[in-house]
file my_file.cif (mmCIF, C-alpha atoms)
data_data
loop_
_atom_site.group_PDB
_atom_site.id
_atom_site.type_symbol
_atom_site.label_atom_id
_atom_site.label_comp_id
_atom_site.auth_asym_id
_atom_site.auth_seq_id
_atom_site.Cartn_x
_atom_site.Cartn_y
_atom_site.Cartn_z
ATOM 1 C CA MET A 1 15.633 14.780 37.703
ATOM 2 C CA SER A 2 12.955 15.089 35.054
ATOM 3 C CA THR A 3 15.364 13.729 32.382
ATOM 4 C CA ARG A 4 16.090 10.727 34.579
ATOM 5 C CA THR A 5 12.366 10.146 35.060
ATOM 6 C CA GLU A 6 11.824 10.301 31.295
ATOM 7 C CA ASN A 7 14.634 7.777 30.763
ATOM 8 C CA VAL A 8 13.117 5.392 33.249
ATOM 9 C CA ARG A 9 9.749 5.752 31.489
ATOM 10 C CA ALA A 10 11.274 5.137 28.085
ATOM 11 C CA GLN A 11 12.930 2.003 29.458
ATOM 12 C CA ASP A 12 9.486 0.844 30.557
ATOM 13 C CA PHE A 13 8.441 0.881 26.909
ATOM 14 C CA PRO A 14 11.459 -0.419 24.968
ATOM 15 C CA ASN A 15 11.617 0.942 21.448
ATOM 16 C CA GLY A 16 12.909 -2.343 19.966
ATOM 17 C CA GLY A 17 9.461 -3.646 18.984
ATOM 18 C CA GLY A 18 8.649 -0.446 17.129
ATOM 19 C CA ALA A 19 12.082 -0.370 15.495
ATOM 20 C CA ALA A 20 11.595 -3.962 14.302
ATOM 21 C CA ALA A 21 8.214 -3.107 12.765
ATOM 22 C CA LEU A 22 9.615 0.017 11.101
ATOM 23 C CA LEU A 23 12.692 -1.630 9.588
ATOM 24 C CA ALA A 24 10.737 -4.714 8.466
ATOM 25 C CA ALA A 25 8.211 -2.470 6.693
ATOM 26 C CA GLY A 26 11.075 -0.750 4.881
ATOM 27 C CA ILE A 27 12.557 -4.116 3.861
ATOM 28 C CA GLY A 28 9.134 -5.452 2.780
ATOM 29 C CA SER A 29 8.484 -2.359 0.664
ATOM 30 C CA LEU A 30 11.866 -2.678 -1.040
ATOM 31 C CA MET A 31 11.179 -6.378 -1.668
ATOM 32 C CA VAL A 32 8.072 -5.433 -3.693
ATOM 33 C CA ALA A 33 10.282 -3.308 -5.965
ATOM 34 C CA ILE A 34 13.148 -5.842 -6.175
ATOM 35 C CA PHE A 35 10.898 -8.801 -6.993
ATOM 36 C CA ALA A 36 8.998 -6.688 -9.559
ATOM 37 C CA ILE A 37 12.256 -5.672 -11.284
ATOM 38 C CA LEU A 38 13.533 -9.262 -11.273
ATOM 39 C CA ALA A 39 10.248 -10.526 -12.736
ATOM 40 C CA ASP A 40 10.494 -7.867 -15.424
ATOM 41 C CA LYS A 41 14.134 -8.582 -16.357
ATOM 42 C CA VAL A 42 14.533 -12.344 -15.877
ATOM 43 C CA ALA A 43 12.180 -14.547 -17.891
ATOM 44 C CA SER A 44 12.672 -17.655 -15.733
ATOM 45 C CA PHE A 45 11.973 -15.655 -12.548
ATOM 46 C CA LYS A 46 8.885 -14.168 -14.188
ATOM 47 C CA SER A 47 7.409 -17.607 -14.908
ATOM 48 C CA LEU A 48 8.359 -18.730 -11.402
ATOM 49 C CA MET A 49 6.343 -15.836 -9.978
ATOM 50 C CA ILE A 50 3.083 -16.861 -11.647
ATOM 51 C CA PHE A 51 1.278 -18.254 -8.580
ATOM 52 C CA TYR A 52 -2.172 -17.441 -9.963
ATOM 53 C CA LYS A 53 -2.383 -17.402 -13.747
ATOM 54 C CA PRO A 54 -5.106 -14.751 -14.243
ATOM 55 C CA THR A 55 -3.051 -12.249 -12.190
ATOM 56 C CA GLY A 56 0.276 -13.328 -13.706
ATOM 57 C CA PRO A 57 3.669 -12.630 -12.091
ATOM 58 C CA LEU A 58 2.171 -9.917 -9.863
ATOM 59 C CA SER A 59 0.692 -12.709 -7.730
ATOM 60 C CA GLY A 60 4.110 -14.210 -6.945
ATOM 61 C CA VAL A 61 5.953 -10.899 -6.702
ATOM 62 C CA THR A 62 3.593 -9.537 -4.063
ATOM 63 C CA THR A 63 3.143 -12.827 -2.191
ATOM 64 C CA CYS A 64 6.917 -13.287 -1.889
ATOM 65 C CA ALA A 65 7.422 -9.660 -0.828
ATOM 66 C CA ILE A 66 4.716 -9.947 1.829
ATOM 67 C CA LEU A 67 6.241 -13.200 3.111
ATOM 68 C CA ALA A 68 9.713 -11.615 3.206
ATOM 69 C CA TRP A 69 8.282 -8.657 5.143
ATOM 70 C CA LEU A 70 6.489 -10.861 7.692
ATOM 71 C CA ILE A 71 9.503 -13.141 8.187
ATOM 72 C CA CYS A 72 11.825 -10.133 8.638
ATOM 73 C CA TRP A 73 9.373 -8.609 11.094
ATOM 74 C CA ALA A 74 9.122 -11.826 13.122
ATOM 75 C CA ILE A 75 12.915 -12.231 13.279
ATOM 76 C CA LEU A 76 13.618 -8.592 14.183
ATOM 77 C CA HIS A 77 10.787 -8.528 16.712
ATOM 78 C CA ARG A 78 12.152 -11.611 18.425
ATOM 79 C CA ARG A 79 15.594 -10.055 18.673
ATOM 80 C CA TRP A 80 14.651 -6.496 19.616
ATOM 81 C CA SER A 81 11.212 -6.416 21.253
ATOM 82 C CA SER A 82 12.435 -6.204 24.858
ATOM 83 C CA ARG A 83 15.427 -3.962 24.168
ATOM 84 C CA MET A 84 16.187 -0.301 23.670
ATOM 85 C CA VAL A 85 17.892 0.073 20.294
ATOM 86 C CA ALA A 86 19.551 2.982 18.465
ATOM 87 C CA LEU A 87 16.402 4.187 16.793
ATOM 88 C CA GLY A 88 17.935 7.071 14.806
ATOM 89 C CA GLY A 89 19.902 4.851 12.443
ATOM 90 C CA ILE A 90 17.129 2.271 12.148
ATOM 91 C CA THR A 91 14.495 4.901 11.310
ATOM 92 C CA THR A 92 16.797 6.490 8.731
ATOM 93 C CA ALA A 93 17.505 3.091 7.159
ATOM 94 C CA ALA A 94 13.779 2.220 7.061
ATOM 95 C CA LEU A 95 12.919 5.548 5.419
ATOM 96 C CA ILE A 96 15.710 5.169 2.848
ATOM 97 C CA LEU A 97 14.395 1.688 1.982
ATOM 98 C CA LEU A 98 10.863 3.082 1.680
ATOM 99 C CA GLY A 99 12.032 5.960 -0.530
ATOM 100 C CA LEU A 100 13.997 3.541 -2.722
ATOM 101 C CA SER A 101 10.973 1.272 -3.082
ATOM 102 C CA LEU A 102 8.832 4.232 -4.149
ATOM 103 C CA LEU A 103 11.433 5.164 -6.790
ATOM 104 C CA LEU A 104 12.192 1.633 -7.973
ATOM 105 C CA THR A 105 8.534 0.777 -8.555
ATOM 106 C CA PHE A 106 8.396 3.732 -11.007
ATOM 107 C CA PRO A 107 8.893 1.982 -14.377
ATOM 108 C CA PRO A 108 11.150 4.585 -16.093
ATOM 109 C CA ILE A 109 13.611 4.313 -13.173
ATOM 110 C CA ALA A 110 13.339 0.521 -12.929
ATOM 111 C CA ASP A 111 14.042 0.313 -16.690
ATOM 112 C CA LEU A 112 17.377 2.079 -16.188
ATOM 113 C CA LEU A 113 18.691 -0.866 -14.142
ATOM 114 C CA MET B 1 -29.318 3.681 -16.453
ATOM 115 C CA GLU B 2 -27.330 0.474 -16.294
ATOM 116 C CA ILE B 3 -23.898 -0.698 -15.265
ATOM 117 C CA THR B 4 -21.970 -3.890 -15.926
ATOM 118 C CA GLU B 5 -20.986 -6.203 -13.097
ATOM 119 C CA ARG B 6 -17.262 -5.614 -13.747
ATOM 120 C CA THR B 7 -17.667 -1.836 -13.831
ATOM 121 C CA LEU B 8 -19.548 -1.974 -10.532
ATOM 122 C CA LEU B 9 -16.814 -4.048 -8.865
ATOM 123 C CA THR B 10 -14.145 -1.707 -10.262
ATOM 124 C CA LEU B 11 -16.072 1.225 -8.787
ATOM 125 C CA ILE B 12 -16.292 -0.501 -5.401
ATOM 126 C CA HIS B 13 -12.534 -1.195 -5.522
ATOM 127 C CA GLY B 14 -11.548 2.351 -6.491
ATOM 128 C CA MET B 15 -14.247 4.685 -5.235
ATOM 129 C CA GLY B 16 -15.287 2.529 -2.317
ATOM 130 C CA PHE B 17 -12.139 1.096 -0.765
ATOM 131 C CA GLY B 18 -9.390 3.200 -2.399
ATOM 132 C CA ALA B 19 -10.961 6.638 -2.063
ATOM 133 C CA LEU B 20 -12.151 5.832 1.444
ATOM 134 C CA TYR B 21 -8.575 4.900 2.365
ATOM 135 C CA LEU B 22 -7.308 8.259 1.091
ATOM 136 C CA LEU B 23 -9.910 10.109 3.136
ATOM 137 C CA ALA B 24 -9.144 8.057 6.234
ATOM 138 C CA CYS B 25 -5.406 8.533 5.738
ATOM 139 C CA SER B 26 -5.665 12.309 5.861
ATOM 140 C CA GLY B 27 -7.527 11.963 9.186
ATOM 141 C CA ALA B 28 -4.873 9.642 10.632
ATOM 142 C CA LEU B 29 -2.087 12.022 9.579
ATOM 143 C CA VAL B 30 -3.789 14.967 11.243
ATOM 144 C CA GLU B 31 -4.345 12.998 14.446
ATOM 145 C CA LEU B 32 -0.759 11.668 14.594
ATOM 146 C CA ILE B 33 0.716 15.108 13.906
ATOM 147 C CA ARG B 34 -1.589 17.061 16.215
ATOM 148 C CA ARG B 35 -2.015 14.807 19.242
ATOM 149 C CA TYR B 36 1.087 12.641 19.323
ATOM 150 C CA LYS B 37 3.802 15.241 18.867
ATOM 151 C CA PRO B 38 6.696 14.785 21.302
ATOM 152 C CA GLY B 39 6.395 16.811 24.469
ATOM 153 C CA SER B 40 2.705 17.436 23.937
ATOM 154 C CA LEU B 41 1.357 18.991 27.114
ATOM 155 C CA ARG B 42 -2.250 18.032 26.488
ATOM 156 C CA PRO B 43 -2.928 14.590 27.987
ATOM 157 C CA ILE B 44 -4.217 11.923 25.623
ATOM 158 C CA GLU B 45 -7.427 10.348 26.863
ATOM 159 C CA ILE B 46 -7.702 6.565 26.802
ATOM 160 C CA GLU B 47 -10.775 6.872 24.544
ATOM 161 C CA ASP B 48 -8.747 8.901 22.006
ATOM 162 C CA GLU B 49 -5.973 6.318 22.127
ATOM 163 C CA ARG B 50 -8.419 3.457 21.579
ATOM 164 C CA PHE B 51 -10.145 5.351 18.807
ATOM 165 C CA LEU B 52 -6.933 5.952 16.834
ATOM 166 C CA GLY B 53 -5.858 2.322 17.359
ATOM 167 C CA ALA B 54 -9.165 1.046 15.982
ATOM 168 C CA TYR B 55 -9.061 3.670 13.209
ATOM 169 C CA LEU B 56 -5.624 2.464 12.043
ATOM 170 C CA VAL B 57 -6.736 -1.181 12.164
ATOM 171 C CA VAL B 58 -9.774 -0.359 9.993
ATOM 172 C CA MET B 59 -7.462 1.511 7.597
ATOM 173 C CA SER B 60 -5.211 -1.566 7.392
ATOM 174 C CA VAL B 61 -8.185 -3.801 6.605
ATOM 175 C CA LEU B 62 -9.317 -1.298 3.977
ATOM 176 C CA ALA B 63 -5.835 -1.207 2.413
ATOM 177 C CA TRP B 64 -5.606 -4.999 2.259
ATOM 178 C CA ILE B 65 -9.093 -5.338 0.750
ATOM 179 C CA THR B 66 -8.201 -2.693 -1.845
ATOM 180 C CA VAL B 67 -4.970 -4.340 -3.043
ATOM 181 C CA LEU B 68 -6.387 -7.866 -2.923
ATOM 182 C CA THR B 69 -9.529 -6.996 -4.914
ATOM 183 C CA GLY B 70 -7.354 -5.006 -7.292
ATOM 184 C CA ALA B 71 -4.849 -7.809 -7.888
ATOM 185 C CA TYR B 72 -7.153 -10.813 -7.841
ATOM 186 C CA VAL B 73 -10.508 -9.487 -9.123
ATOM 187 C CA ILE B 74 -10.002 -6.403 -11.322
ATOM 188 C CA TYR B 75 -6.484 -6.974 -12.695
ATOM 189 C CA PRO B 76 -7.273 -10.343 -14.350
ATOM 190 C CA TRP B 77 -10.076 -8.617 -16.307
ATOM 191 C CA TYR B 78 -7.712 -5.773 -17.218
ATOM 192 C CA ARG B 79 -4.988 -8.068 -18.575
ATOM 193 C CA ALA B 80 -7.296 -10.563 -20.320
ATOM 194 C CA VAL B 81 -5.871 -11.745 -23.655
ATOM 195 C CA PRO B 82 -8.239 -11.484 -26.641
ATOM 196 C CA PRO B 83 -8.679 -14.472 -28.951
ATOM 197 C CA PRO B 84 -6.675 -14.197 -32.202
ATOM 198 C CA GLY B 85 -8.367 -12.011 -34.794
ATOM 199 C CA THR B 86 -10.329 -9.927 -32.281
ATOM 200 C CA VAL B 87 -10.982 -6.488 -33.775
ATOM 201 C CA ASP B 88 -12.977 -4.856 -30.973
ATOM 202 C CA LEU B 89 -10.613 -4.570 -27.994
ATOM 203 C CA GLY B 90 -13.244 -2.923 -25.777
ATOM 204 C CA GLY B 91 -13.321 -5.907 -23.409
ATOM 205 C CA PHE B 92 -9.506 -6.123 -23.190
ATOM 206 C CA PRO B 93 -8.285 -2.875 -21.566
ATOM 207 C CA GLN B 94 -4.557 -3.645 -21.504
ATOM 208 C CA ARG B 95 -4.529 -4.603 -25.195
ATOM 209 C CA LEU B 96 -6.649 -1.594 -26.069
ATOM 210 C CA LEU B 97 -4.135 0.757 -24.425
ATOM 211 C CA MET B 98 -1.182 -1.029 -26.015
ATOM 212 C CA ALA B 99 -2.731 -0.792 -29.472
ATOM 213 C CA SER B 100 -2.124 2.949 -29.754
ATOM 214 C CA PRO B 101 1.082 4.990 -29.238
ATOM 215 C CA THR B 102 -1.044 7.732 -27.676
ATOM 216 C CA THR B 103 -2.318 5.458 -24.895
ATOM 217 C CA VAL B 104 0.391 2.808 -24.424
ATOM 218 C CA ALA B 105 2.122 4.769 -21.613
ATOM 219 C CA TRP B 106 -1.061 4.596 -19.530
ATOM 220 C CA HIS B 107 -0.270 0.888 -19.335
ATOM 221 C CA SER B 108 3.549 0.825 -19.434
ATOM 222 C CA ILE B 109 3.922 3.576 -16.826
ATOM 223 C CA GLY B 110 0.477 3.988 -15.248
ATOM 224 C CA MET B 111 -0.613 0.417 -14.634
ATOM 225 C CA GLU B 112 2.936 -0.907 -14.159
ATOM 226 C CA TRP B 113 3.552 1.633 -11.383
ATOM 227 C CA LYS B 114 0.073 1.341 -9.869
ATOM 228 C CA GLU B 115 0.112 -2.449 -9.585
ATOM 229 C CA HIS B 116 3.317 -2.393 -7.530
ATOM 230 C CA VAL B 117 3.312 0.904 -5.627
ATOM 231 C CA ALA B 118 -0.148 0.133 -4.218
ATOM 232 C CA TRP B 119 1.358 -2.700 -2.127
ATOM 233 C CA LEU B 120 3.421 -0.212 -0.119
ATOM 234 C CA VAL B 121 0.121 1.013 1.332
ATOM 235 C CA PRO B 122 -0.976 -2.069 3.337
ATOM 236 C CA ILE B 123 2.602 -2.758 4.447
ATOM 237 C CA SER B 124 3.013 0.794 5.761
ATOM 238 C CA ILE B 125 -0.360 1.147 7.436
ATOM 239 C CA THR B 126 -0.269 -2.330 9.004
ATOM 240 C CA MET B 127 3.086 -1.416 10.521
ATOM 241 C CA ALA B 128 1.666 1.915 11.739
ATOM 242 C CA ALA B 129 -1.346 0.178 13.315
ATOM 243 C CA ALA B 130 0.850 -2.447 15.009
ATOM 244 C CA VAL B 131 3.248 0.167 16.398
ATOM 245 C CA PHE B 132 0.386 2.338 17.604
ATOM 246 C CA ILE B 133 -1.373 -0.571 19.318
ATOM 247 C CA ARG B 134 1.900 -1.463 21.052
ATOM 248 C CA TYR B 135 2.844 2.050 22.164
ATOM 249 C CA GLY B 136 -0.333 4.134 22.083
ATOM 250 C CA ARG B 137 0.168 7.396 23.974
ATOM 251 C CA ASN B 138 3.733 6.326 24.855
ATOM 252 C CA LEU B 139 4.608 7.103 21.252
ATOM 253 C CA THR B 140 5.133 10.684 22.439
ATOM 254 C CA ARG B 141 8.103 9.348 24.465
ATOM 255 C CA HIS B 142 9.728 7.914 21.336
ATOM 256 C CA PRO B 143 9.821 10.887 18.937
ATOM 257 C CA GLN B 144 11.990 9.116 16.333
ATOM 258 C CA LEU B 145 9.617 6.158 16.265
ATOM 259 C CA ARG B 146 6.605 8.456 15.987
ATOM 260 C CA ASN B 147 8.285 10.412 13.161
ATOM 261 C CA GLY B 148 9.143 7.180 11.352
ATOM 262 C CA VAL B 149 5.561 5.935 11.619
ATOM 263 C CA LEU B 150 4.308 9.325 10.446
ATOM 264 C CA CYS B 151 6.574 9.191 7.361
ATOM 265 C CA PHE B 152 5.317 5.690 6.489
ATOM 266 C CA VAL B 153 1.678 6.832 6.825
ATOM 267 C CA LEU B 154 2.494 9.847 4.634
ATOM 268 C CA VAL B 155 4.112 7.623 1.984
ATOM 269 C CA SER B 156 1.099 5.294 2.134
ATOM 270 C CA PHE B 157 -1.057 8.349 1.382
ATOM 271 C CA VAL B 158 1.159 9.283 -1.589
ATOM 272 C CA ALA B 159 1.247 5.690 -2.879
ATOM 273 C CA ALA B 160 -2.542 5.361 -2.556
ATOM 274 C CA GLY B 161 -2.877 8.687 -4.375
ATOM 275 C CA ILE B 162 -0.643 7.468 -7.239
ATOM 276 C CA ALA B 163 -2.619 4.215 -7.502
ATOM 277 C CA GLY B 164 -5.924 6.096 -7.331
ATOM 278 C CA PHE B 165 -4.900 8.643 -9.954
ATOM 279 C CA PHE B 166 -3.787 6.012 -12.454
ATOM 280 C CA GLY B 167 -6.807 3.860 -11.653
ATOM 281 C CA ALA B 168 -9.096 6.762 -12.532
ATOM 282 C CA MET B 169 -7.190 7.572 -15.740
ATOM 283 C CA LEU B 170 -7.074 3.921 -16.831
ATOM 284 C CA SER B 171 -10.821 3.686 -16.261
ATOM 285 C CA LYS B 172 -11.220 6.745 -18.465
ATOM 286 C CA TYR B 173 -9.106 5.499 -21.379
ATOM 287 C CA ALA B 174 -9.751 1.749 -21.154
ATOM 288 C CA PRO B 175 -12.515 0.885 -18.695
ATOM 289 C CA VAL B 176 -12.932 -2.647 -17.416
ATOM 290 C CA GLN B 177 -16.248 -3.790 -18.809
ATOM 291 C CA GLY B 178 -18.254 -6.971 -19.118
ATOM 292 C CA GLY B 179 -20.212 -9.430 -17.046
ATOM 293 C CA GLN B 180 -23.885 -9.181 -16.300
ATOM 294 C CA THR B 181 -25.647 -5.894 -16.913
ATOM 295 C CA ILE B 182 -27.304 -4.424 -13.849
ATOM 296 C CA GLN B 183 -30.262 -2.116 -14.421
ATOM 297 C CA LEU B 184 -29.999 0.732 -11.906
ATOM 298 C CA VAL B 185 -32.862 2.999 -12.939
ATOM 299 C CA HIS B 186 -35.432 2.726 -15.712
ATOM 300 C CA GLY B 187 -35.310 6.034 -17.610
ATOM 301 C CA GLU B 188 -38.171 7.743 -19.344
ATOM 302 C CA LYS B 189 -38.327 7.798 -23.112
ATOM 303 C CA PRO B 190 -36.897 11.076 -24.528
#
call {"tool": "encode", "arguments": {"input": "my_file.cif", "output": "structure tokens"}}
result
Amino acid sequence: MSTRTENVRAQDFPNGGGAAALLAAGIGSLMVAIFAILADKVASFKSLMIFYKPTGPLSGVTTCAILAWLICWAILHRRWSSRMVALGGITTAALILLGLSLLLTFPPIADLL
Amino acid sequence: MEITERTLLTLIHGMGFGALYLLACSGALVELIRRYKPGSLRPIEIEDERFLGAYLVVMSVLAWITVLTGAYVIYPWYRAVPPPGTVDLGGFPQRLLMASPTTVAWHSIGMEWKEHVAWLVPISITMAAAVFIRYGRNLTRHPQLRNGVLCFVLVSFVAAGIAGFFGAMLSKYAPVQGGQTIQLVHGEKP
């Protein structure tokens, strides 16, 4: 009986919105690392990323990553916000993306790619 | 006792916003771990819920101010290019670090990591604030979501710590200097 009550309560607060925020944050974090690596390795991409000259390519790298994060978040939120989703896999994926972004922003690791 | 305008702004960025974020982050972690653990028997008061929501929003604002001042105010001074023939690199921190094999890694590893890893902080804490505002005390009913948010807040703490550590070391080996000199205190003659 208590389990059923808990399920009904959980349904009242669908986890989709939280899952969307979590996964989008993981994607956005990884985008920071991917854009930074691309700007470091590809000269044409580096010059493309100079949105504000005094800051250099960092301005474009971070602006694009933030935009990618917000767009992902908006799309996922629209699809999932009123639903219950399989949170286990989504949380794991988001944490893997976050861990990868932490590693890939570390220059000695990024230089291996 | 005097300080240059650029040094003062660097201090505000690092010691003001950055260090304050680290302090606040430890508080948020304790609160999320202690009060919002799944199956917690102690009821969460609406005031506590509102407080943590506002706390996380303030942390997000702090994180955004820190990375934006870092990238768009301090970093341009750090990476300024000296005119050809410049001998004294004191006003050009990046070039000063790159001029010596004993300090070059503070730029190639320290600053290169700091300038990117710091952006994980506002992304993570903004997400945490948004999720908390949406779910509040109901987060205890979604343990996986709460654990995910907790991990992101923890990583934001680590990332802010990395950025803060390298910021402090870079300021030690190649401080950002210049701008107007501000007289803080008139000292007595020795």
call {"tool": "closest_residue", "arguments": {"input": "my_file.cif", "among": "B:Val158, B:Leu170, B:Ile123, B:Ala63", "to": "B:Met111", "atoms": "only C-alpha atoms"}}
result
B:Leu170
call {"tool": "interface_residues", "arguments": {"input": "my_file.cif", "of": "chain B", "to": "chain A", "cutoff": "8 Å", "atoms": "only C-alpha atoms", "output": "ChimeraX atom specification"}}
result
/B:71-72,75-76,79-80,108-109,112-113,115-117,119-120,123-124,127,130-131,134-135,138,141-142,144-145,148-149,151-152,159
call {"tool": "residues_around", "arguments": {"input": "my_file.cif", "residues": "B:Gln183", "least_positions_apart": "4", "cutoff": "9 Å", "atoms": "only C-alpha atoms", "output": "list in words"}}
result
Met1, Glu2, Ile3 and Thr4 of chain B
call {"tool": "resolve_selection", "arguments": {"input": "my_file.cif", "expression": "the PyMOL selection byres ((chain B and resi 95-101) around 10)", "output": "PyMOL selection string"}}
result
chain B and resi 78-82+88-94+102-108+170+173-175
call {"tool": "resolve_selection", "arguments": {"input": "my_file.cif", "expression": "the PyMOL selection byres ((chain B and resi 137) around 12)", "output": "compact mmCIF listing (two decimals) with C-alpha atoms, in the coordinates of the input"}}
result
# COMPACT_ATOMS: atom_id res chain seq x y z
CA PHE A 13 8.44 0.88 26.91
CA GLU B 31 -4.34 13.00 14.45
CA LEU B 32 -0.76 11.67 14.59
CA ARG B 35 -2.02 14.81 19.24
CA TYR B 36 1.09 12.64 19.32
CA LYS B 37 3.80 15.24 18.87
CA PRO B 38 6.70 14.78 21.30
CA GLY B 39 6.40 16.81 24.47
CA SER B 40 2.70 17.44 23.94
CA ARG B 42 -2.25 18.03 26.49
CA PRO B 43 -2.93 14.59 27.99
CA ILE B 44 -4.22 11.92 25.62
CA GLU B 45 -7.43 10.35 26.86
CA ILE B 46 -7.70 6.56 26.80
CA GLU B 47 -10.78 6.87 24.54
CA ASP B 48 -8.75 8.90 22.01
CA GLU B 49 -5.97 6.32 22.13
CA ARG B 50 -8.42 3.46 21.58
CA PHE B 51 -10.14 5.35 18.81
CA LEU B 52 -6.93 5.95 16.83
CA GLY B 53 -5.86 2.32 17.36
CA VAL B 131 3.25 0.17 16.40
CA PHE B 132 0.39 2.34 17.60
CA ILE B 133 -1.37 -0.57 19.32
CA ARG B 134 1.90 -1.46 21.05
CA TYR B 135 2.84 2.05 22.16
CA GLY B 136 -0.33 4.13 22.08
CA ASN B 138 3.73 6.33 24.86
CA LEU B 139 4.61 7.10 21.25
CA THR B 140 5.13 10.68 22.44
CA ARG B 141 8.10 9.35 24.46
CA HIS B 142 9.73 7.91 21.34
CA PRO B 143 9.82 10.89 18.94
CA ARG B 146 6.60 8.46 15.99
call {"tool": "atom_distance", "arguments": {"input": "my_file.cif", "atom1": "atom CA of B:Val61", "atom2": "atom CA of A:Ile27"}}
result
20.9 Å
call {"tool": "atom_distance", "arguments": {"input": "my_file.cif", "atom1": "atom CA of A:Met84", "atom2": "atom CA of B:Thr126"}}
result
22.1 Å
call {"tool": "atom_distance", "arguments": {"input": "my_file.cif", "atom1": "atom CA of B:Ser26", "atom2": "atom CA of B:Leu68"}}
result
22.0 Å
call {"tool": "residues_near_point", "arguments": {"input": "my_file.cif", "point": "(-19.1, -9.7, -11.6)", "cutoff": "9 Å", "atoms": "all atoms listed in the file", "output": "list in words"}}
result
Thr4, Glu5, Arg6, Thr7, Leu8, Leu9, Val73, Gly178, Gly179 and Gln180 of chain B
call {"tool": "closest_residue", "arguments": {"input": "my_file.cif", "among": "B:Pro83, B:Gly70, B:Gly16, B:Gly27", "to": "B:Val153", "atoms": "only C-alpha atoms"}}
result
B:Gly27
call {"tool": "closest_residue", "arguments": {"input": "my_file.cif", "among": "B:Gly110, B:Pro122, B:Cys25, B:Leu150", "to": "B:Met169", "atoms": "only C-alpha atoms"}}
result
B:Gly110
call {"tool": "residues_around", "arguments": {"input": "my_file.cif", "residues": "A:Gly60", "least_positions_apart": "3", "cutoff": "6 Å", "atoms": "only C-alpha atoms", "output": "list in words"}}
result
Met49, Ile50, Phe51, Pro57, Thr63 and Cys64 of chain A
call {"tool": "residues_around", "arguments": {"input": "my_file.cif", "residues": "B:Gly164", "least_positions_apart": "6", "cutoff": "8 Å", "atoms": "all atoms listed in the file", "output": "PyMOL selection string"}}
result
chain B and resi 14+18-19
call {"tool": "residues_around", "arguments": {"input": "my_file.cif", "residues": "B:Tyr55", "least_positions_apart": "6", "cutoff": "9 Å", "atoms": "only C-alpha atoms", "output": "PDB file with C-alpha atoms, in the coordinates of the input"}}
result
ATOM      1  CA  ALA B  24      -9.144   8.057   6.234  1.00  0.00           C
ATOM      2  CA  ALA B  28      -4.873   9.642  10.632  1.00  0.00           C
ATOM      3  CA  ALA B 129      -1.346   0.178  13.315  1.00  0.00           C
TER       4      ALA B 129
END
